[in-house]
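Trainee: Quick one: the structure is below, questions incoming.
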Amino acid sequence: RVRARIIGGMQHLPTSEDPGSITRVAGIEVGHFTDTRRPTGCSVVLARAGAVAGVDVRGAAPGTRETDLLHPSNLVEQVHGIVLAGGSAWGLEAATGAVRWLEERGVGFDVAVGRLPIVPAAVLFDLLVGDMRVRPDAAAGYAACEAASSARVAEGNVGAGAGAAVGKIFGIQNAMKGGIGSASVTVNGVTVGALIACNALGDVVHPDTGAVLAGSRTDDGQALRDTRRALLRGEAPRPLLAGTNTTIGVVATDAVLTKAQAHRLAVAAHDGLARSINPVHTMSDGDTLFALGTGLAQRNPGMMLLATMAAEAVALATVRAVQATSALTTAEGLHLPCARDFARP
């Protein structure tokens, strides 16, 4: 379980003190907008010079924009940003603001009469946390772009993770605070990073030990229920509204990728969700991961290594998404404790 830096920066394997960040990938910037009126917001991952992109949607209740464009057989080779947002389908409007911000800076696909920024998006359902009439819009997406930088990514109760909750399978009243997290892995000078907004139906578990870190609590609220074992004991989940969950995110690398390879990287990245969320990819989740390749490392070390790095970065970023959160109580009285409230010494 011990991870360490190796050989003067040529390799970076995340530690608890330094999990890394998606912004360690050359050419990537991240910005958040967090709404002060209720816990919700959006996050943008910008690749102003363009990045080859792919996507893989595993959940059965997704909310997405421009994902068909990313199929390897379709026309556009590069995107210029990805938006992750709360607000369910309403939150897709945040991508319009990101498009406007990029267009004002001359970034986009050349359409002869101008430049059209390509900005796919995915959303999660956080409407049960506070006043659902407050949700990310175009102004929120624009503001997130204004805040974007290559600095280490802010984590926890910010951006697309502001209203996220995990462990709702036995009722939102027994859930805990979800959030947004980031991690990265560098091997032989090539970096893969991930940004994950975790709003999962299931529990978040440690990818190495399987220990539950955050998720459904017992009915008295005092202990972690352990959803996998509860279901196997025969405990019945509470009635669920489809699509009220979802983990969304972006995996980015500075390796050179083809569009088909970007798609495969997004597919492999879901292995990281499977290691850190249980159950995952359910009928009530819209789990969606994008993959970006900036190519600035000017080489590809092979898809076997990149896929391994992507799954590792996603698993660790998912853990960070709950470890970095703070407990939340809404004006309506919903209380969502955080992972630290249940952490063992």
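Order determines the names: the first chain of the structure tokens is A, the second B, and so forth; residues in each chain are numbered 1 upward, and ligands are numbered 1 upward as they are shown.
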Neighbours of Thr253 in chain A within 6 Å (only C-alpha atoms; same-chain residues fewer than 2 positions away dropped), as a list in words?
Mentor: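 Here the qualifying residues turn out to be Val25, Thr191, Val192, Ala255 and Gly293 of chain A.
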Trainee: With N, CA and C atoms kept, could you save the residues just selected as a short mmCIF file (atom, residue, chain, number, x, y, z; two decimals), in the first residue's frame?
Mentor:
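Contents of the output file again_4.cif:
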data_model
loop_
_atom_site.label_atom_id
_atom_site.label_comp_id
_atom_site.auth_asym_id
_atom_site.auth_seq_id
_atom_site.Cartn_x
_atom_site.Cartn_y
_atom_site.Cartn_z
N VAL A 25 -0.95 17.08 -16.40
CA VAL A 25 -0.91 16.73 -17.82
C VAL A 25 -0.71 18.01 -18.62
N THR A 191 2.31 11.23 -18.48
CA THR A 191 1.38 11.43 -17.37
C THR A 191 -0.05 11.12 -17.79
N VAL A 192 -0.78 10.47 -16.91
CA VAL A 192 -2.23 10.29 -17.05
C VAL A 192 -2.86 10.83 -15.77
N ALA A 255 0.22 11.81 -23.68
CA ALA A 255 0.64 10.87 -24.72
C ALA A 255 -0.07 11.20 -26.04
N GLY A 293 -6.31 13.32 -25.10
CA GLY A 293 -4.88 13.18 -25.36
C GLY A 293 -4.33 14.45 -25.96
#
Trainee: Give me the residues of range 125-203 of chain A that have any atom at most 7 Å from an atom of range 27-33 of chain A; for each, the nearest atom pair and the distance in Å, rounded to one decimal. Use only C-alpha atoms, sort by chain and number, and format it as JSON lines.
Mentor:
{"residue": "A:Ala140", "atom": "CA", "partner": "A:Phe33", "partner_atom": "CA", "distance": 6.0}
{"residue": "A:Ala143", "atom": "CA", "partner": "A:Phe33", "partner_atom": "CA", "distance": 6.1}
{"residue": "A:Ala144", "atom": "CA", "partner": "A:His32", "partner_atom": "CA", "distance": 4.6}
{"residue": "A:Cys145", "atom": "CA", "partner": "A:Gly31", "partner_atom": "CA", "distance": 5.7}
{"residue": "A:Ala147", "atom": "CA", "partner": "A:Gly31", "partner_atom": "CA", "distance": 4.9}
{"residue": "A:Ala148", "atom": "CA", "partner": "A:Gly31", "partner_atom": "CA", "distance": 3.6}
{"residue": "A:Ser149", "atom": "CA", "partner": "A:Glu29", "partner_atom": "CA", "distance": 4.7}
{"residue": "A:Ser150", "atom": "CA", "partner": "A:Glu29", "partner_atom": "CA", "distance": 4.6}
{"residue": "A:Val153", "atom": "CA", "partner": "A:Val30", "partner_atom": "CA", "distance": 6.7}
{"residue": "A:Val158", "atom": "CA", "partner": "A:His32", "partner_atom": "CA", "distance": 6.8}
{"residue": "A:Gly159", "atom": "CA", "partner": "A:His32", "partner_atom": "CA", "distance": 4.6}
Trainee: Dump all heavy atoms for the selected residues as a PDB file, in the first residue's frame?
Mentor:
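Result file part_25.pdb:
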ATOM      1  N   ALA A 140     -22.609  30.080 -15.506  1.00  0.00           N
ATOM      2  CA  ALA A 140     -21.777  29.251 -14.634  1.00  0.00           C
ATOM      3  C   ALA A 140     -20.626  28.618 -15.413  1.00  0.00           C
ATOM      4  O   ALA A 140     -19.474  28.584 -14.952  1.00  0.00           O
ATOM      5  CB  ALA A 140     -22.631  28.168 -13.979  1.00  0.00           C
ATOM      6  N   ALA A 143     -18.045  31.281 -16.120  1.00  0.00           N
ATOM      7  CA  ALA A 143     -17.285  31.611 -14.910  1.00  0.00           C
ATOM      8  C   ALA A 143     -16.263  30.528 -14.576  1.00  0.00           C
ATOM      9  O   ALA A 143     -15.150  30.825 -14.125  1.00  0.00           O
ATOM     10  CB  ALA A 143     -18.242  31.814 -13.737  1.00  0.00           C
ATOM     11  N   ALA A 144     -16.612  29.264 -14.803  1.00  0.00           N
ATOM     12  CA  ALA A 144     -15.664  28.185 -14.550  1.00  0.00           C
ATOM     13  C   ALA A 144     -14.457  28.305 -15.477  1.00  0.00           C
ATOM     14  O   ALA A 144     -13.314  28.067 -15.062  1.00  0.00           O
ATOM     15  CB  ALA A 144     -16.348  26.831 -14.734  1.00  0.00           C
ATOM     16  N   CYS A 145     -14.696  28.694 -16.729  1.00  0.00           N
ATOM     17  CA  CYS A 145     -13.577  28.908 -17.663  1.00  0.00           C
ATOM     18  C   CYS A 145     -12.703  30.071 -17.209  1.00  0.00           C
ATOM     19  O   CYS A 145     -11.470  30.010 -17.311  1.00  0.00           O
ATOM     20  CB  CYS A 145     -14.112  29.173 -19.066  1.00  0.00           C
ATOM     21  SG  CYS A 145     -14.876  27.751 -19.862  1.00  0.00           S
ATOM     22  N   ALA A 147     -12.064  30.885 -14.307  1.00  0.00           N
ATOM     23  CA  ALA A 147     -11.272  30.444 -13.151  1.00  0.00           C
ATOM     24  C   ALA A 147     -10.241  29.378 -13.506  1.00  0.00           C
ATOM     25  O   ALA A 147      -9.449  28.977 -12.649  1.00  0.00           O
ATOM     26  CB  ALA A 147     -12.211  29.906 -12.071  1.00  0.00           C
ATOM     27  N   ALA A 148     -10.236  28.917 -14.744  1.00  0.00           N
ATOM     28  CA  ALA A 148      -9.388  27.779 -15.117  1.00  0.00           C
ATOM     29  C   ALA A 148      -7.913  28.137 -15.101  1.00  0.00           C
ATOM     30  O   ALA A 148      -7.508  29.241 -15.476  1.00  0.00           O
ATOM     31  CB  ALA A 148      -9.782  27.261 -16.491  1.00  0.00           C
ATOM     32  N   SER A 149      -7.108  27.170 -14.668  1.00  0.00           N
ATOM     33  CA  SER A 149      -5.657  27.339 -14.660  1.00  0.00           C
ATOM     34  C   SER A 149      -5.010  25.962 -14.633  1.00  0.00           C
ATOM     35  O   SER A 149      -5.687  24.934 -14.507  1.00  0.00           O
ATOM     36  CB  SER A 149      -5.207  28.154 -13.443  1.00  0.00           C
ATOM     37  OG  SER A 149      -5.220  27.353 -12.272  1.00  0.00           O
ATOM     38  N   SER A 150      -3.687  25.949 -14.708  1.00  0.00           N
ATOM     39  CA  SER A 150      -2.943  24.700 -14.612  1.00  0.00           C
ATOM     40  C   SER A 150      -2.484  24.419 -13.184  1.00  0.00           C
ATOM     41  O   SER A 150      -1.691  23.502 -12.956  1.00  0.00           O
ATOM     42  CB  SER A 150      -1.732  24.744 -15.547  1.00  0.00           C
ATOM     43  OG  SER A 150      -0.897  25.847 -15.215  1.00  0.00           O
ATOM     44  N   VAL A 153      -5.722  21.136  -8.762  1.00  0.00           N
ATOM     45  CA  VAL A 153      -7.176  21.238  -8.781  1.00  0.00           C
ATOM     46  C   VAL A 153      -7.743  21.296  -7.359  1.00  0.00           C
ATOM     47  O   VAL A 153      -7.357  20.500  -6.495  1.00  0.00           O
ATOM     48  CB  VAL A 153      -7.777  20.032  -9.532  1.00  0.00           C
ATOM     49  CG1 VAL A 153      -9.295  20.061  -9.468  1.00  0.00           C
ATOM     50  CG2 VAL A 153      -7.307  20.020 -10.979  1.00  0.00           C
ATOM     51  N   VAL A 158     -16.810  21.422  -4.298  1.00  0.00           N
ATOM     52  CA  VAL A 158     -16.664  22.514  -5.259  1.00  0.00           C
ATOM     53  C   VAL A 158     -17.093  22.031  -6.634  1.00  0.00           C
ATOM     54  O   VAL A 158     -17.147  20.825  -6.914  1.00  0.00           O
ATOM     55  CB  VAL A 158     -15.210  23.043  -5.329  1.00  0.00           C
ATOM     56  CG1 VAL A 158     -14.790  23.661  -4.007  1.00  0.00           C
ATOM     57  CG2 VAL A 158     -14.248  21.929  -5.735  1.00  0.00           C
ATOM     58  N   GLY A 159     -17.391  23.005  -7.512  1.00  0.00           N
ATOM     59  CA  GLY A 159     -17.701  22.697  -8.893  1.00  0.00           C
ATOM     60  C   GLY A 159     -18.797  21.665  -9.032  1.00  0.00           C
ATOM     61  O   GLY A 159     -19.811  21.695  -8.332  1.00  0.00           O
TER      62      GLY A 159
END
Trainee: Per residue of range 227-318 of chain A within 12 Å of range 77-87 of chain A, what are the shortest atom pair and its distance in Å to one decimal, counting only C-alpha atoms, with rows by chain and residue number, as a tab-separated table?
Mentor:
residue	atom	partner	partner_atom	distance
A:Gly243	CA	A:Gly87	CA	11.8
A:Thr244	CA	A:Gly87	CA	10.4
A:Asn245	CA	A:Gly86	CA	10.4
A:Thr246	CA	A:Gly86	CA	10.1
A:Thr247	CA	A:Leu84	CA	10.0
A:Ile248	CA	A:Leu84	CA	7.0
A:Gly249	CA	A:Leu84	CA	7.0
A:Val250	CA	A:Ile82	CA	7.7
A:Val251	CA	A:Ile82	CA	10.6
A:Ala252	CA	A:Ile82	CA	10.8
A:Leu257	CA	A:Glu77	CA	10.6
A:Thr258	CA	A:Glu77	CA	8.6
A:Lys259	CA	A:Glu77	CA	6.7
A:Ala260	CA	A:Glu77	CA	10.2
A:Gln261	CA	A:Glu77	CA	12.0
A:Ala262	CA	A:Glu77	CA	10.5
A:His263	CA	A:Glu77	CA	11.8
A:Asp287	CA	A:Leu84	CA	11.8
A:Thr288	CA	A:Leu84	CA	10.0
A:Leu289	CA	A:Leu84	CA	10.1
A:Phe290	CA	A:Ile82	CA	8.0
A:Ala291	CA	A:Ile82	CA	9.7
A:Leu292	CA	A:Val79	CA	8.3
A:Gly293	CA	A:Gln78	CA	9.0
A:Thr294	CA	A:Gln78	CA	9.3
A:Gly295	CA	A:Gln78	CA	11.3
Trainee: Can you check which parts of range 106-159 of chain A lie within 12 Å of range 65-74 of chain A? Per residue, the shortest pair of atoms and distance in Å to one decimal, counting only C-alpha atoms, sorted by chain and number, as a Markdown table.
Mentor:
| residue | atom | partner | partner_atom | distance |
| --- | --- | --- | --- | --- |
| A:Pro117 | CA | A:Glu66 | CA | 11.5 |
| A:Ile118 | CA | A:Glu66 | CA | 8.1 |
| A:Val119 | CA | A:Glu66 | CA | 7.3 |
| A:Pro120 | CA | A:Glu66 | CA | 4.7 |
| A:Ala121 | CA | A:Arg65 | CA | 5.0 |
| A:Ala122 | CA | A:Arg65 | CA | 6.4 |
| A:Val123 | CA | A:Arg65 | CA | 9.0 |
Trainee: Once DSSP has gone over the backbone, tell me which residues of range 256-296 of chain A are in helix (DSSP H, G or I), as a list of chain:residue names.
Mentor: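 Answer for range 256-296 of chain A, restricted to helix (DSSP H, G or I): A:Lys259, A:Ala260, A:Gln261, A:Ala262, A:His263, A:Arg264, A:Leu265, A:Ala266, A:Val267, A:Ala268, A:Ala269, A:His270, A:Asp271, A:Gly272, A:Leu273, A:Ala274, A:Arg275, A:Ser276.
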Trainee: Write out the residues from the selection above, keeping N, CA and C atoms, as a short mmCIF file (atom, residue, chain, number, x, y, z; two decimals), in the first residue's frame.
Mentor:
data_model
loop_
_atom_site.label_atom_id
_atom_site.label_comp_id
_atom_site.auth_asym_id
_atom_site.auth_seq_id
_atom_site.Cartn_x
_atom_site.Cartn_y
_atom_site.Cartn_z
N LYS A 259 -7.92 8.75 -32.29
CA LYS A 259 -9.28 8.84 -31.76
C LYS A 259 -9.75 7.49 -31.23
N ALA A 260 -9.39 6.42 -31.93
CA ALA A 260 -9.76 5.08 -31.47
C ALA A 260 -9.08 4.76 -30.15
N GLN A 261 -7.83 5.16 -29.99
CA GLN A 261 -7.12 4.92 -28.73
C GLN A 261 -7.73 5.73 -27.60
N ALA A 262 -8.17 6.95 -27.88
CA ALA A 262 -8.83 7.75 -26.85
C ALA A 262 -10.10 7.07 -26.38
N HIS A 263 -10.84 6.49 -27.31
CA HIS A 263 -12.04 5.75 -26.92
C HIS A 263 -11.68 4.57 -26.03
N ARG A 264 -10.65 3.81 -26.40
CA ARG A 264 -10.26 2.66 -25.58
C ARG A 264 -9.76 3.09 -24.21
N LEU A 265 -9.12 4.26 -24.14
CA LEU A 265 -8.65 4.76 -22.84
C LEU A 265 -9.83 5.08 -21.94
N ALA A 266 -10.89 5.65 -22.51
CA ALA A 266 -12.10 5.93 -21.73
C ALA A 266 -12.74 4.64 -21.24
N VAL A 267 -12.73 3.61 -22.10
CA VAL A 267 -13.28 2.31 -21.70
C VAL A 267 -12.49 1.75 -20.52
N ALA A 268 -11.16 1.75 -20.65
CA ALA A 268 -10.31 1.19 -19.59
C ALA A 268 -10.42 1.98 -18.30
N ALA A 269 -10.64 3.28 -18.41
CA ALA A 269 -10.72 4.13 -17.22
C ALA A 269 -11.87 3.72 -16.31
N HIS A 270 -12.93 3.15 -16.88
CA HIS A 270 -14.05 2.70 -16.06
C HIS A 270 -13.65 1.58 -15.10
N ASP A 271 -12.55 0.88 -15.41
CA ASP A 271 -12.06 -0.12 -14.45
C ASP A 271 -11.74 0.53 -13.11
N GLY A 272 -11.29 1.79 -13.16
CA GLY A 272 -11.01 2.51 -11.93
C GLY A 272 -12.26 2.77 -11.11
N LEU A 273 -13.38 3.04 -11.79
CA LEU A 273 -14.64 3.20 -11.07
C LEU A 273 -15.07 1.88 -10.44
N ALA A 274 -14.86 0.78 -11.16
CA ALA A 274 -15.25 -0.53 -10.64
C ALA A 274 -14.44 -0.90 -9.40
N ARG A 275 -13.21 -0.40 -9.30
CA ARG A 275 -12.38 -0.69 -8.13
C ARG A 275 -12.74 0.17 -6.93
N SER A 276 -13.36 1.31 -7.16
CA SER A 276 -13.56 2.27 -6.07
C SER A 276 -15.02 2.57 -5.76
#
Trainee: Report as a VMD selection string all protein, DNA and RNA residues lying within 9 Å of Ala324 in chain A, evaluated on only C-alpha atoms, omitting residues in the same chain fewer than 2 positions from it.
Mentor: chain A and resid 155 to 157 179 to 181 319 to 322 326 338 to 340
Trainee: Grab the CA of Gly215 in chain A to CA of Leu316 in chain A distance for me, in Å with one decimal place.
Mentor: 16.3 Å
Trainee: Neighbours of Gly91 in chain A within 12 Å (only C-alpha atoms; same-chain residues fewer than 6 positions away dropped), as a PyMOL selection string?
Mentor: chain A and resi 40-43+63-65+83-85+97+121-127+132-141+159-160
Trainee: Determine the nearest neighbour of Asp226 in chain A from the options A:Leu241, A:Leu75, A:Val205, A:Leu102, counting only C-alpha atoms.
Mentor: A:Val205
Trainee: Kindly give the distance, in Å, that separates CA of Ile22 in chain A and CA of Ala94 in chain A, rounded to a single decimal.
Mentor: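 Going from CA of Ile22 in chain A over to CA of Ala94 in chain A, I get 20.9 Å.
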Trainee: Could you check which of A:Leu334, A:Val57, A:Met303, A:Val44 is closest to Leu92 in chain A, using only C-alpha atoms?
Mentor: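 Looking only at the distances to Leu92 in chain A, the closest residue turns out to be A:Val44.
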Trainee: What parts of range 55-164 of chain A does DSSP call strand (DSSP E)? I'd like the answer as a PyMOL selection string.
Mentor: chain A and resi 55-57+64-65+78-85+109-110+115-116+121-123
Trainee: Separation of CA of Arg238 in chain A and CA of Ile169 in chain A, in Å?
Mentor: 6.2 Å
Trainee: Smallest atom-to-atom distance to Ala197 in chain A: which of A:Gln298, A:Ser182, A:Ser21, A:Thr209, using only C-alpha atoms?
Mentor: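 Looking at the shortest contact to Ala197 in chain A, the residue is A:Ser182.
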